[in-house]
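K.L.:
Structure: data-v5.pdb, PDB, C-alpha atoms (C1' of nucleotides).
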ATOM      1  CA  MET A   5     137.935 -30.323 219.902
ATOM      2  CA  ASN A   6     137.884 -30.097 216.187
ATOM      3  CA  LYS A   7     137.899 -26.384 215.525
ATOM      4  CA  ASN A   8     135.888 -26.103 212.362
ATOM      5  CA  GLN A   9     133.859 -29.217 211.701
ATOM      6  CA  LYS A  10     130.470 -29.654 213.189
ATOM      7  CA  ARG A  11     129.030 -33.091 213.402
ATOM      8  CA  SER A  12     125.452 -32.043 212.692
ATOM      9  CA  GLU A  13     123.089 -29.079 212.725
ATOM     10  CA  CYS A  14     121.779 -30.049 216.152
ATOM     11  CA  PRO A  15     122.176 -27.116 218.544
ATOM     12  CA  LEU A  16     123.252 -29.407 221.346
ATOM     13  CA  SER A  17     125.854 -31.096 219.197
ATOM     14  CA  CYS A  18     127.146 -27.744 217.928
ATOM     15  CA  SER A  19     127.354 -26.414 221.454
ATOM     16  CA  LEU A  20     129.317 -29.441 222.552
ATOM     17  CA  ASP A  21     131.631 -28.961 219.570
ATOM     18  CA  MET A  22     132.491 -25.559 221.029
ATOM     19  CA  TRP A  23     132.836 -26.172 224.726
ATOM     20  CA  GLY A  24     131.865 -29.786 225.372
ATOM     21  CA  ASP A  25     135.225 -31.186 226.316
ATOM     22  CA  LYS A  26     136.730 -32.051 229.683
ATOM     23  CA  TRP A  27     138.289 -28.650 230.292
ATOM     24  CA  SER A  28     136.507 -25.708 228.670
ATOM     25  CA  LEU A  29     133.701 -25.427 231.191
ATOM     26  CA  LEU A  30     136.212 -25.576 234.042
ATOM     27  CA  ILE A  31     138.021 -22.573 232.612
ATOM     28  CA  ILE A  32     134.684 -20.798 232.271
ATOM     29  CA  ARG A  33     133.799 -21.782 235.832
ATOM     30  CA  ASP A  34     137.075 -20.257 237.023
ATOM     31  CA  MET A  35     136.213 -17.018 235.286
ATOM     32  CA  MET A  36     132.622 -16.947 236.549
ATOM     33  CA  PHE A  37     132.906 -18.106 240.124
ATOM     34  CA  TYR A  38     136.490 -17.440 241.091
ATOM     35  CA  ASN A  39     137.238 -14.301 239.144
ATOM     36  CA  LYS A  40     140.232 -15.806 237.447
ATOM     37  CA  SER A  41     141.523 -14.151 234.330
ATOM     38  CA  THR A  42     145.111 -15.102 233.578
ATOM     39  CA  TYR A  43     146.844 -18.123 232.152
ATOM     40  CA  GLY A  44     148.624 -18.617 235.461
ATOM     41  CA  ASP A  45     145.348 -18.461 237.392
ATOM     42  CA  PHE A  46     143.823 -21.239 235.321
ATOM     43  CA  LEU A  47     146.927 -23.370 235.665
ATOM     44  CA  LYS A  48     146.648 -23.240 239.440
ATOM     45  CA  SER A  49     143.180 -24.790 239.552
ATOM     46  CA  GLU A  50     143.063 -28.018 241.474
ATOM     47  CA  GLU A  51     142.157 -30.174 238.475
ATOM     48  CA  GLY A  52     145.606 -29.493 237.044
ATOM     49  CA  ILE A  53     145.242 -28.726 233.364
ATOM     50  CA  ALA A  54     148.357 -29.168 231.242
ATOM     51  CA  THR A  55     149.938 -26.054 229.762
ATOM     52  CA  ASN A  56     149.521 -27.093 226.147
ATOM     53  CA  ILE A  57     145.886 -28.076 226.680
ATOM     54  CA  LEU A  58     145.182 -24.806 228.431
ATOM     55  CA  SER A  59     146.574 -22.724 225.613
ATOM     56  CA  ALA A  60     144.693 -24.818 223.052
ATOM     57  CA  ARG A  61     141.418 -24.386 224.963
ATOM     58  CA  LEU A  62     141.886 -20.651 225.447
ATOM     59  CA  LEU A  63     142.502 -20.287 221.737
ATOM     60  CA  ALA A  64     139.440 -22.358 220.822
ATOM     61  CA  LEU A  65     137.224 -20.454 223.240
ATOM     62  CA  GLU A  66     138.515 -17.223 221.811
ATOM     63  CA  GLU A  67     137.857 -18.375 218.251
ATOM     64  CA  ASN A  68     134.335 -19.278 219.278
ATOM     65  CA  GLU A  69     133.944 -15.838 220.848
ATOM     66  CA  ILE A  70     133.177 -17.175 224.276
ATOM     67  CA  ILE A  71     136.146 -15.402 225.783
ATOM     68  CA  GLU A  72     138.390 -12.617 224.573
ATOM     69  CA  LYS A  73     142.039 -11.929 225.081
ATOM     70  CA  VAL A  74     142.955  -8.509 226.398
ATOM     71  CA  ASP A  75     146.527  -7.297 226.213
ATOM     72  CA  ASN A  76     147.364  -5.198 229.182
ATOM     73  CA  PRO A  77     150.948  -4.000 228.956
ATOM     74  CA  GLY A  78     152.443  -2.401 232.023
ATOM     75  CA  THR A  79     150.835  -4.846 234.439
ATOM     76  CA  LYS A  80     152.513  -7.819 235.979
ATOM     77  CA  ALA A  81     150.228 -10.291 234.311
ATOM     78  CA  ARG A  82     150.052  -8.678 230.947
ATOM     79  CA  VAL A  83     147.455 -10.916 229.281
ATOM     80  CA  PHE A  84     143.895 -11.122 230.573
ATOM     81  CA  TYR A  85     141.081 -13.306 229.418
ATOM     82  CA  LYS A  86     137.522 -12.179 229.902
ATOM     83  CA  LEU A  87     134.131 -13.614 229.109
ATOM     84  CA  THR A  88     132.173 -12.154 226.222
ATOM     85  CA  GLN A  89     128.424 -11.713 226.438
ATOM     86  CA  LYS A  90     128.117 -15.073 224.698
ATOM     87  CA  GLY A  91     130.321 -16.575 227.382
ATOM     88  CA  ILE A  92     128.546 -14.901 230.244
ATOM     89  CA  GLU A  93     125.271 -16.340 229.076
ATOM     90  CA  LEU A  94     126.550 -19.834 229.663
ATOM     91  CA  PHE A  95     125.977 -19.045 233.320
ATOM     92  CA  PRO A  96     122.481 -20.569 233.554
ATOM     93  CA  ILE A  97     123.850 -23.839 232.191
ATOM     94  CA  LEU A  98     126.506 -23.971 234.893
ATOM     95  CA  VAL A  99     123.847 -23.226 237.489
ATOM     96  CA  GLU A 100     121.674 -26.109 236.300
ATOM     97  CA  ILE A 101     124.641 -28.458 236.375
ATOM     98  CA  HIS A 102     125.308 -27.450 239.964
ATOM     99  CA  LEU A 103     121.677 -27.978 240.894
ATOM    100  CA  TRP A 104     121.771 -31.428 239.375
ATOM    101  CA  ALA A 105     125.033 -32.223 241.121
ATOM    102  CA  GLU A 106     123.607 -31.097 244.412
ATOM    103  CA  LYS A 107     120.974 -33.820 244.173
ATOM    104  CA  TYR A 108     123.256 -36.668 243.245
ATOM    105  CA  LEU A 109     126.811 -35.907 244.326
ATOM    106  CA  THR A 110     128.481 -34.957 247.562
ATOM    107  CA  ILE A 111     129.375 -31.313 247.492
ATOM    108  CA  PRO A 112     132.015 -29.458 249.510
ATOM    109  CA  PRO A 113     130.338 -27.219 252.119
ATOM    110  CA  ASN A 114     131.509 -23.890 250.715
ATOM    111  CA  ILE A 115     130.069 -24.677 247.308
ATOM    112  CA  LYS A 116     126.946 -26.130 248.862
ATOM    113  CA  ALA A 117     126.249 -22.750 250.421
ATOM    114  CA  ILE A 118     126.305 -21.037 247.055
ATOM    115  CA  ILE A 119     124.030 -23.647 245.519
ATOM    116  CA  LYS A 120     121.548 -23.218 248.350
ATOM    117  CA  GLU A 121     121.517 -19.525 247.646
ATOM    118  CA  ALA A 122     120.917 -20.155 243.957
ATOM    119  CA  LYS A 123     118.024 -22.467 244.784
ATOM    120  CA  LYS A 124     116.221 -19.950 246.931
ATOM    121  CA  ASP A 125     115.592 -17.597 244.019
ATOM    122  CA  LYS A 126     117.065 -19.088 240.905
ATOM    123  CA  GLU A 127     116.001 -16.416 238.439
ATOM    124  CA  GLY A 128     117.101 -13.628 240.734
ATOM    125  CA  PHE A 129     120.413 -15.286 241.450
ATOM    126  CA  ILE A 130     121.138 -15.751 237.757
ATOM    127  CA  LYS A 131     120.134 -12.226 236.885
ATOM    128  CA  SER A 132     122.247 -10.550 239.544
ATOM    129  CA  SER A 133     125.223 -12.815 238.865
ATOM    130  CA  ILE A 134     125.127 -12.043 235.165
ATOM    131  CA  LYS A 135     124.907  -8.365 235.947
ATOM    132  CA  GLU A 136     128.029  -8.644 238.081
ATOM    133  CA  LEU A 137     129.865 -10.559 235.361
ATOM    134  CA  LYS A 138     129.070  -7.879 232.825
ATOM    135  CA  LYS A 139     130.507  -5.185 235.034
ATOM    136  CA  ALA A 140     133.871  -6.850 235.448
TER     137      ALA A 140
ATOM    138  CA  MET B  11     135.965 -40.829 230.370
ATOM    139  CA  ASN B  12     137.986 -42.203 233.175
ATOM    140  CA  LYS B  13     135.565 -44.424 235.052
ATOM    141  CA  ASN B  14     136.683 -44.021 238.609
ATOM    142  CA  GLN B  15     139.003 -41.092 239.030
ATOM    143  CA  LYS B  16     137.673 -37.699 239.704
ATOM    144  CA  ARG B  17     139.878 -34.728 239.124
ATOM    145  CA  SER B  18     138.609 -32.742 242.079
ATOM    146  CA  GLU B  19     135.705 -32.402 244.469
ATOM    147  CA  CYS B  20     134.148 -29.658 242.385
ATOM    148  CA  PRO B  21     130.584 -30.609 241.464
ATOM    149  CA  LEU B  22     131.012 -29.272 237.956
ATOM    150  CA  SER B  23     134.205 -31.203 237.419
ATOM    151  CA  CYS B  24     132.641 -34.394 238.832
ATOM    152  CA  SER B  25     129.622 -33.962 236.600
ATOM    153  CA  LEU B  26     131.828 -33.548 233.573
ATOM    154  CA  ASP B  27     133.738 -36.660 234.602
ATOM    155  CA  MET B  28     130.463 -38.561 234.262
ATOM    156  CA  TRP B  29     128.880 -37.186 231.124
ATOM    157  CA  GLY B  30     131.095 -34.327 229.919
ATOM    158  CA  ASP B  31     132.455 -35.864 226.755
ATOM    159  CA  LYS B  32     131.568 -35.365 223.117
ATOM    160  CA  TRP B  33     128.960 -38.140 223.000
ATOM    161  CA  SER B  34     127.178 -38.843 226.269
ATOM    162  CA  LEU B  35     124.800 -35.905 226.138
ATOM    163  CA  LEU B  36     123.896 -36.753 222.561
ATOM    164  CA  ILE B  37     122.829 -40.225 223.650
ATOM    165  CA  ILE B  38     120.831 -38.662 226.444
ATOM    166  CA  ARG B  39     119.319 -36.187 223.995
ATOM    167  CA  ASP B  40     118.253 -39.091 221.790
ATOM    168  CA  MET B  41     116.512 -40.708 224.729
ATOM    169  CA  MET B  42     114.843 -37.490 225.889
ATOM    170  CA  PHE B  43     113.763 -35.833 222.684
ATOM    171  CA  TYR B  44     113.572 -38.618 220.146
ATOM    172  CA  ASN B  45     112.434 -41.514 222.281
ATOM    173  CA  LYS B  46     115.335 -43.681 221.264
ATOM    174  CA  SER B  47     116.147 -46.658 223.393
ATOM    175  CA  THR B  48     118.211 -49.232 221.540
ATOM    176  CA  TYR B  49     121.828 -49.531 220.515
ATOM    177  CA  GLY B  50     120.752 -49.478 216.888
ATOM    178  CA  ASP B  51     118.683 -46.322 217.414
ATOM    179  CA  PHE B  52     121.668 -44.438 218.810
ATOM    180  CA  LEU B  53     123.913 -45.620 215.992
ATOM    181  CA  LYS B  54     121.545 -44.131 213.444
ATOM    182  CA  SER B  55     121.831 -40.583 214.789
ATOM    183  CA  GLU B  56     123.220 -38.151 212.287
ATOM    184  CA  GLU B  57     126.391 -37.424 214.224
ATOM    185  CA  GLY B  58     127.548 -40.977 213.518
ATOM    186  CA  ILE B  59     128.966 -42.401 216.715
ATOM    187  CA  ALA B  60     131.326 -45.345 216.330
ATOM    188  CA  THR B  61     130.155 -48.714 217.640
ATOM    189  CA  ASN B  62     132.936 -49.144 220.172
ATOM    190  CA  ILE B  63     132.492 -45.631 221.506
ATOM    191  CA  LEU B  64     128.762 -46.141 221.784
ATOM    192  CA  SER B  65     129.119 -49.293 223.822
ATOM    193  CA  ALA B  66     131.762 -47.679 226.028
ATOM    194  CA  ARG B  67     129.513 -44.665 226.669
ATOM    195  CA  LEU B  68     126.449 -46.784 227.373
ATOM    196  CA  LEU B  69     128.450 -48.777 229.881
ATOM    197  CA  ALA B  70     129.822 -45.656 231.582
ATOM    198  CA  LEU B  71     126.391 -44.041 231.759
ATOM    199  CA  GLU B  72     125.029 -47.240 233.229
ATOM    200  CA  GLU B  73     127.801 -47.403 235.809
ATOM    201  CA  ASN B  74     127.037 -43.820 236.753
ATOM    202  CA  GLU B  75     123.368 -44.735 237.056
ATOM    203  CA  ILE B  76     122.235 -42.216 234.495
ATOM    204  CA  ILE B  77     120.721 -44.895 232.319
ATOM    205  CA  GLU B  78     119.798 -48.511 232.925
ATOM    206  CA  LYS B  79     119.883 -51.520 230.707
ATOM    207  CA  VAL B  80     116.688 -53.512 230.422
ATOM    208  CA  ASP B  81     116.741 -56.987 228.942
ATOM    209  CA  ASN B  82     113.620 -57.647 227.007
ATOM    210  CA  PRO B  83     113.733 -61.176 225.591
ATOM    211  CA  GLY B  84     111.141 -62.134 223.025
ATOM    212  CA  THR B  85     111.251 -58.796 221.245
ATOM    213  CA  LYS B  86     113.176 -58.008 218.107
ATOM    214  CA  ALA B  87     115.401 -55.470 219.822
ATOM    215  CA  ARG B  88     115.976 -57.328 223.035
ATOM    216  CA  VAL B  89     118.033 -54.755 224.895
ATOM    217  CA  PHE B  90     116.565 -51.415 225.899
ATOM    218  CA  TYR B  91     118.224 -48.511 227.581
ATOM    219  CA  LYS B  92     116.181 -46.153 229.669
ATOM    220  CA  LEU B  93     116.906 -43.063 231.695
ATOM    221  CA  THR B  94     116.956 -43.313 235.455
ATOM    222  CA  GLN B  95     115.559 -40.534 237.614
ATOM    223  CA  LYS B  96     119.099 -39.200 237.853
ATOM    224  CA  GLY B  97     119.285 -39.194 234.073
ATOM    225  CA  ILE B  98     115.869 -37.637 233.599
ATOM    226  CA  GLU B  99     116.866 -34.770 235.827
ATOM    227  CA  LEU B 100     119.564 -33.756 233.396
ATOM    228  CA  PHE B 101     116.695 -32.393 231.324
ATOM    229  CA  PRO B 102     116.895 -28.804 232.629
ATOM    230  CA  ILE B 103     120.564 -28.698 231.658
ATOM    231  CA  LEU B 104     119.763 -29.717 228.095
ATOM    232  CA  VAL B 105     117.033 -27.098 227.984
ATOM    233  CA  GLU B 106     119.431 -24.351 229.071
ATOM    234  CA  ILE B 107     121.955 -25.442 226.463
ATOM    235  CA  HIS B 108     119.264 -25.185 223.815
ATOM    236  CA  LEU B 109     118.245 -21.733 225.023
ATOM    237  CA  TRP B 110     121.849 -20.592 224.849
ATOM    238  CA  ALA B 111     122.266 -22.102 221.410
ATOM    239  CA  GLU B 112     119.135 -20.371 220.208
ATOM    240  CA  LYS B 113     120.756 -17.027 220.917
ATOM    241  CA  TYR B 114     124.089 -17.674 219.271
ATOM    242  CA  LEU B 115     123.747 -20.451 216.703
ATOM    243  CA  THR B 116     121.564 -21.055 213.691
ATOM    244  CA  ILE B 117     118.970 -23.645 214.556
ATOM    245  CA  PRO B 118     117.014 -25.915 212.208
ATOM    246  CA  PRO B 119     113.357 -24.822 212.062
ATOM    247  CA  ASN B 120     111.847 -27.947 213.600
ATOM    248  CA  ILE B 121     114.064 -27.661 216.658
ATOM    249  CA  LYS B 122     113.524 -23.907 216.802
ATOM    250  CA  ALA B 123     109.816 -24.543 217.255
ATOM    251  CA  ILE B 124     110.431 -26.698 220.310
ATOM    252  CA  ILE B 125     112.790 -24.135 221.813
ATOM    253  CA  LYS B 126     110.212 -21.409 221.324
ATOM    254  CA  GLU B 127     107.728 -23.532 223.183
ATOM    255  CA  ALA B 128     110.195 -24.067 226.002
ATOM    256  CA  LYS B 129     110.811 -20.337 226.243
ATOM    257  CA  LYS B 130     107.157 -19.438 226.595
ATOM    258  CA  ASP B 131     106.842 -21.211 229.925
ATOM    259  CA  LYS B 132     110.181 -22.710 230.861
ATOM    260  CA  GLU B 133     109.245 -24.139 234.243
ATOM    261  CA  GLY B 134     106.021 -25.600 232.916
ATOM    262  CA  PHE B 135     107.721 -27.081 229.879
ATOM    263  CA  ILE B 136     110.382 -28.730 232.027
ATOM    264  CA  LYS B 137     107.878 -30.066 234.505
ATOM    265  CA  SER B 138     105.584 -31.616 231.939
ATOM    266  CA  SER B 139     108.479 -33.019 229.921
ATOM    267  CA  ILE B 140     109.975 -34.669 232.971
ATOM    268  CA  LYS B 141     106.584 -36.098 233.840
ATOM    269  CA  GLU B 142     106.365 -37.634 230.374
ATOM    270  CA  LEU B 143     109.874 -39.058 230.632
ATOM    271  CA  LYS B 144     109.046 -40.729 233.926
ATOM    272  CA  LYS B 145     106.013 -42.425 232.448
ATOM    273  CA  ALA B 146     107.903 -44.065 229.623
TER     274      ALA B 146
ATOM    275  C1'  DA C  30     172.611  -6.018 234.568
ATOM    276  C1'  DC C  31     170.461  -9.901 236.477
ATOM    277  C1'  DC C  32     166.877 -12.682 238.232
ATOM    278  C1'  DT C  33     161.951 -13.837 238.400
ATOM    279  C1'  DT C  34     157.423 -14.236 236.696
ATOM    280  C1'  DT C  35     154.294 -14.906 233.015
ATOM    281  C1'  DG C  36     152.616 -16.934 228.981
ATOM    282  C1'  DC C  37     153.439 -19.691 226.281
ATOM    283  C1'  DT C  38     155.855 -23.800 222.652
ATOM    284  C1'  DT C  39     157.966 -28.266 221.737
ATOM    285  C1'  DG C  40     158.799 -33.178 222.001
ATOM    286  C1'  DC C  41     157.387 -37.376 223.235
ATOM    287  C1'  DA C  42     154.535 -41.029 225.833
ATOM    288  C1'  DT C  43     149.914 -42.398 226.874
ATOM    289  C1'  DT C  44     145.062 -42.437 226.302
ATOM    290  C1'  DT C  45     140.964 -41.831 223.764
ATOM    291  C1'  DT C  46     138.596 -41.806 219.503
ATOM    292  C1'  DG C  47     137.461 -43.372 214.855
ATOM    293  C1'  DC C  48     136.853 -46.776 211.343
ATOM    294  C1'  DA C  49     136.327 -51.385 209.329
ATOM    295  C1'  DA C  50     135.660 -55.860 209.934
ATOM    296  C1'  DG C  51     134.071 -59.693 212.396
ATOM    297  C1'  DT C  52     131.370 -62.477 216.128
ATOM    298  C1'  DG C  53     127.514 -64.530 218.746
ATOM    299  C1'  DC C  54     122.893 -65.011 219.493
ATOM    300  C1'  DA C  55     117.998 -64.710 219.116
ATOM    301  C1'  DA C  56     114.071 -64.015 216.083
ATOM    302  C1'  DA C  57     111.966 -64.458 211.552
ATOM    303  C1'  DC C  58     111.559 -66.828 207.450
ATOM    304  C1'  DA C  59     111.362 -70.728 204.113
TER     305       DA C  59
ATOM    306  C1'  DT D  23     114.119 -77.435 210.765
ATOM    307  C1'  DG D  24     117.712 -75.261 208.628
ATOM    308  C1'  DT D  25     118.936 -70.826 207.175
ATOM    309  C1'  DT D  26     119.047 -66.122 206.907
ATOM    310  C1'  DT D  27     118.567 -61.645 208.902
ATOM    311  C1'  DG D  28     119.023 -58.108 212.330
ATOM    312  C1'  DC D  29     120.712 -56.597 216.571
ATOM    313  C1'  DA D  30     124.213 -55.840 220.030
ATOM    314  C1'  DC D  31     128.200 -55.868 220.513
ATOM    315  C1'  DT D  32     134.082 -56.960 220.188
ATOM    316  C1'  DT D  33     138.468 -56.655 218.126
ATOM    317  C1'  DG D  34     142.393 -54.676 215.703
ATOM    318  C1'  DC D  35     144.602 -51.010 214.119
ATOM    319  C1'  DA D  36     145.204 -45.971 212.661
ATOM    320  C1'  DA D  37     144.624 -41.223 213.960
ATOM    321  C1'  DA D  38     143.823 -37.638 217.098
ATOM    322  C1'  DA D  39     143.670 -35.663 221.640
ATOM    323  C1'  DT D  40     145.658 -35.491 226.137
ATOM    324  C1'  DG D  41     149.298 -35.496 229.644
ATOM    325  C1'  DC D  42     153.916 -34.552 231.238
ATOM    326  C1'  DA D  43     158.427 -32.466 231.356
ATOM    327  C1'  DA D  44     161.381 -29.332 229.614
ATOM    328  C1'  DG D  45     162.539 -25.146 227.473
ATOM    329  C1'  DC D  46     162.167 -20.232 226.031
ATOM    330  C1'  DA D  47     161.207 -15.297 225.025
ATOM    331  C1'  DA D  48     159.533 -11.006 226.789
ATOM    332  C1'  DA D  49     158.338  -7.950 230.422
ATOM    333  C1'  DG D  50     158.880  -6.502 235.311
ATOM    334  C1'  DG D  51     161.192  -6.074 239.439
ATOM    335  C1'  DT D  52     165.560  -5.120 242.160
TER     336       DT D  52
END
Would you write out, as structure tokens, the structure that this file holds?
P.N.:
Amino acid sequence: MNKNQKRSECPLSCSLDMWGDKWSLLIIRDMMFYNKSTYGDFLKSEEGIATNILSARLLALEENEIIEKVDNPGTKARVFYKLTQKGIELFPILVEIHLWAEKYLTIPPNIKAIIKEAKKDKEGFIKSSIKELKKA
Amino acid sequence: MNKNQKRSECPLSCSLDMWGDKWSLLIIRDMMFYNKSTYGDFLKSEEGIATNILSARLLALEENEIIEKVDNPGTKARVFYKLTQKGIELFPILVEIHLWAEKYLTIPPNIKAIIKEAKKDKEGFIKSSIKELKKA
DNA sequence: ACCTTTGCTTGCATTTTGCAAGTGCAAACA
DNA sequence: TGTTTGCACTTGCAAAATGCAAGCAAAGGT
């Protein structure tokens, strides 16, 4: 993504300029649904992001204040990435994408279960999930 | 986008494989919000998509059954693109992106008005908008 | 002190995007 | 009935982003 050039004033276009590439939302997914927080965690995801792309995306997301980098010396993994409020509030978008996917794609059973839960009480599910994300 | 290789079974990842690039959602936006339907219409959008990219995206979206191509001989613009049901149902995702953007980006006044309307009664707004899209 | 893990960077090949120009065909015009 | 115009693309080439393999420094563990 081009860091500092937006294509137009359109909110959709600007949003895509920030996180509308092949990888950013997968990193955010990993943080939201799988509690991942380190460089190594993200690398392990089954899609297989390249190391240079990962570091470029983390930097861009940080610059756009969607995630923040937390230095944590004294721990094994000494760098943590966490979602900001701005990042956390992307959650409803990810939920809608999953709901769309559930209609038109074949979904692995474990994920299907979560989507079903989200469908039962969408607003409630989003609210409680966001609350959890804020705590962490 | 790579036409026929998905990176994983994850519904989010598969969705992004279909329409998660810099341009596809803008084309879909043009169809949903601005009633655009021809190659020339899409070209005129302020983001300035290149002709080869546009035709590649239209083809990919068609192959993924998000839009369909309608030949309309006898009219000046003889090729029309229209959203399928699958495409129309991306609408809630675009709405959520706009709601997120409204919180964190500066939005042009005309678009802000629409977002405000969507916020007042989200479910109702989505339902009636989808109904309209199906008619056309 | 040495080895391992973590979080990167670098170099280079491949793929995708961007831009300018050109093509083919149908409709509109003279 | 030419001819011109507009629309929907294609093509060629440059630039940027992505992908892959290797390397590397700093901290932690043993």
K.L.:
Tell me the residues of chain A close to chain B, meaning within 9 Å using all atoms listed in the file, as a PDB file with C-alpha atoms, in the frame of the given file.
P.N.:
ATOM      1  CA  MET A   5     137.935 -30.323 219.902  1.00  0.00           C
ATOM      2  CA  LYS A  10     130.470 -29.654 213.189  1.00  0.00           C
ATOM      3  CA  ARG A  11     129.030 -33.091 213.402  1.00  0.00           C
ATOM      4  CA  SER A  12     125.452 -32.043 212.692  1.00  0.00           C
ATOM      5  CA  GLU A  13     123.089 -29.079 212.725  1.00  0.00           C
ATOM      6  CA  CYS A  14     121.779 -30.049 216.152  1.00  0.00           C
ATOM      7  CA  PRO A  15     122.176 -27.116 218.544  1.00  0.00           C
ATOM      8  CA  LEU A  16     123.252 -29.407 221.346  1.00  0.00           C
ATOM      9  CA  SER A  17     125.854 -31.096 219.197  1.00  0.00           C
ATOM     10  CA  CYS A  18     127.146 -27.744 217.928  1.00  0.00           C
ATOM     11  CA  SER A  19     127.354 -26.414 221.454  1.00  0.00           C
ATOM     12  CA  LEU A  20     129.317 -29.441 222.552  1.00  0.00           C
ATOM     13  CA  ASP A  21     131.631 -28.961 219.570  1.00  0.00           C
ATOM     14  CA  GLY A  24     131.865 -29.786 225.372  1.00  0.00           C
ATOM     15  CA  ASP A  25     135.225 -31.186 226.316  1.00  0.00           C
ATOM     16  CA  LYS A  26     136.730 -32.051 229.683  1.00  0.00           C
ATOM     17  CA  TRP A  27     138.289 -28.650 230.292  1.00  0.00           C
ATOM     18  CA  LEU A  29     133.701 -25.427 231.191  1.00  0.00           C
ATOM     19  CA  LEU A  30     136.212 -25.576 234.042  1.00  0.00           C
ATOM     20  CA  ARG A  33     133.799 -21.782 235.832  1.00  0.00           C
ATOM     21  CA  GLU A  50     143.063 -28.018 241.474  1.00  0.00           C
ATOM     22  CA  GLU A  51     142.157 -30.174 238.475  1.00  0.00           C
ATOM     23  CA  GLY A  52     145.606 -29.493 237.044  1.00  0.00           C
ATOM     24  CA  LYS A  90     128.117 -15.073 224.698  1.00  0.00           C
ATOM     25  CA  GLU A  93     125.271 -16.340 229.076  1.00  0.00           C
ATOM     26  CA  LEU A  94     126.550 -19.834 229.663  1.00  0.00           C
ATOM     27  CA  PRO A  96     122.481 -20.569 233.554  1.00  0.00           C
ATOM     28  CA  ILE A  97     123.850 -23.839 232.191  1.00  0.00           C
ATOM     29  CA  LEU A  98     126.506 -23.971 234.893  1.00  0.00           C
ATOM     30  CA  VAL A  99     123.847 -23.226 237.489  1.00  0.00           C
ATOM     31  CA  GLU A 100     121.674 -26.109 236.300  1.00  0.00           C
ATOM     32  CA  ILE A 101     124.641 -28.458 236.375  1.00  0.00           C
ATOM     33  CA  HIS A 102     125.308 -27.450 239.964  1.00  0.00           C
ATOM     34  CA  TRP A 104     121.771 -31.428 239.375  1.00  0.00           C
ATOM     35  CA  ALA A 105     125.033 -32.223 241.121  1.00  0.00           C
ATOM     36  CA  GLU A 106     123.607 -31.097 244.412  1.00  0.00           C
ATOM     37  CA  LYS A 107     120.974 -33.820 244.173  1.00  0.00           C
ATOM     38  CA  TYR A 108     123.256 -36.668 243.245  1.00  0.00           C
ATOM     39  CA  LEU A 109     126.811 -35.907 244.326  1.00  0.00           C
ATOM     40  CA  THR A 110     128.481 -34.957 247.562  1.00  0.00           C
ATOM     41  CA  ILE A 111     129.375 -31.313 247.492  1.00  0.00           C
ATOM     42  CA  PRO A 112     132.015 -29.458 249.510  1.00  0.00           C
ATOM     43  CA  ILE A 115     130.069 -24.677 247.308  1.00  0.00           C
TER      44      ILE A 115
END
K.L.:
Running the PyMOL selection byres ((chain D) within 8 of (chain A)) on this model by hand, what would come out? Give it as number ranges by chain.
P.N.:
D: 40-42, 50
K.L.:
Name the residues that the PyMOL selection byres ((chain C) within 12 of (chain A)) pulls out of this structure, and write them as a PyMOL selection string.
P.N.:
chain C and resi 33-40+46
K.L.:
Please measure the separation of atom CA of Ile38 of chain B and atom CA of Leu93 of chain B, giving the value in Å to one decimal.
P.N.:
7.9 Å
K.L.:
Could you work out how far atom CA of Lys92 of chain B lies from atom CA of Val80 of chain B, giving the answer in Å with one decimal?
P.N.:
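Going from atom CA of Val80 of chain B over to atom CA of Lys92 of chain B, I get 7.4 Å.
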K.L.:
If I take atom CA of Glu66 of chain A and atom CA of Asp34 of chain A, how far is one from the other in Å, to one decimal?
P.N.:
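One can read the atom CA of Glu66 of chain A to atom CA of Asp34 of chain A distance as 15.6 Å.
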K.L.:
Report, as AutoDock Vina command-line options, the axis-aligned box around all atoms of segment 46-49 of chain C present in the file, extended by 6 Å on each side; give centre and edge lengths in Å to one decimal place.
P.N.:
--center_x 137.5 --center_y -46.6 --center_z 214.4 --size_x 14.3 --size_y 21.6 --size_z 22.2
K.L.:
So which residues fall inside 9 Å of (118.0, -58.0, 211.7) if we count all atoms listed in the file? Mind giving them as a PyMOL selection string?
P.N.:
(chain B and resi 86-87) or (chain C and resi 56-57) or (chain D and resi 27-29)
K.L.:
How would you write, as a VMD selection string, the residues chosen by the PyMOL selection byres ((chain D and resi 33) around 12) on this structure?
P.N.:
(chain B and resid 61 to 62) or (chain C and resid 49 to 52) or (chain D and resid 31 to 32 34 to 35)
K.L.:
List every residue of segment 42-74 of chain B that has an atom at most 12 Å from any atom of segment 131-143 of chain B, giving for each one its closest atom pair and the distance in Å to one decimal, counting all atoms listed in the file, sorted by chain and then by ascending residue number, as JSON lines.
P.N.:
{"residue": "B:Met42", "atom": "CA", "partner": "B:Leu143", "partner_atom": "CA", "distance": 7.0}
{"residue": "B:Phe43", "atom": "CA", "partner": "B:Ser139", "partner_atom": "CA", "distance": 9.4}
{"residue": "B:Tyr44", "atom": "CA", "partner": "B:Leu143", "partner_atom": "CA", "distance": 11.1}
{"residue": "B:Asn45", "atom": "CA", "partner": "B:Leu143", "partner_atom": "CA", "distance": 9.1}
{"residue": "B:Lys46", "atom": "CA", "partner": "B:Leu143", "partner_atom": "CA", "distance": 11.8}
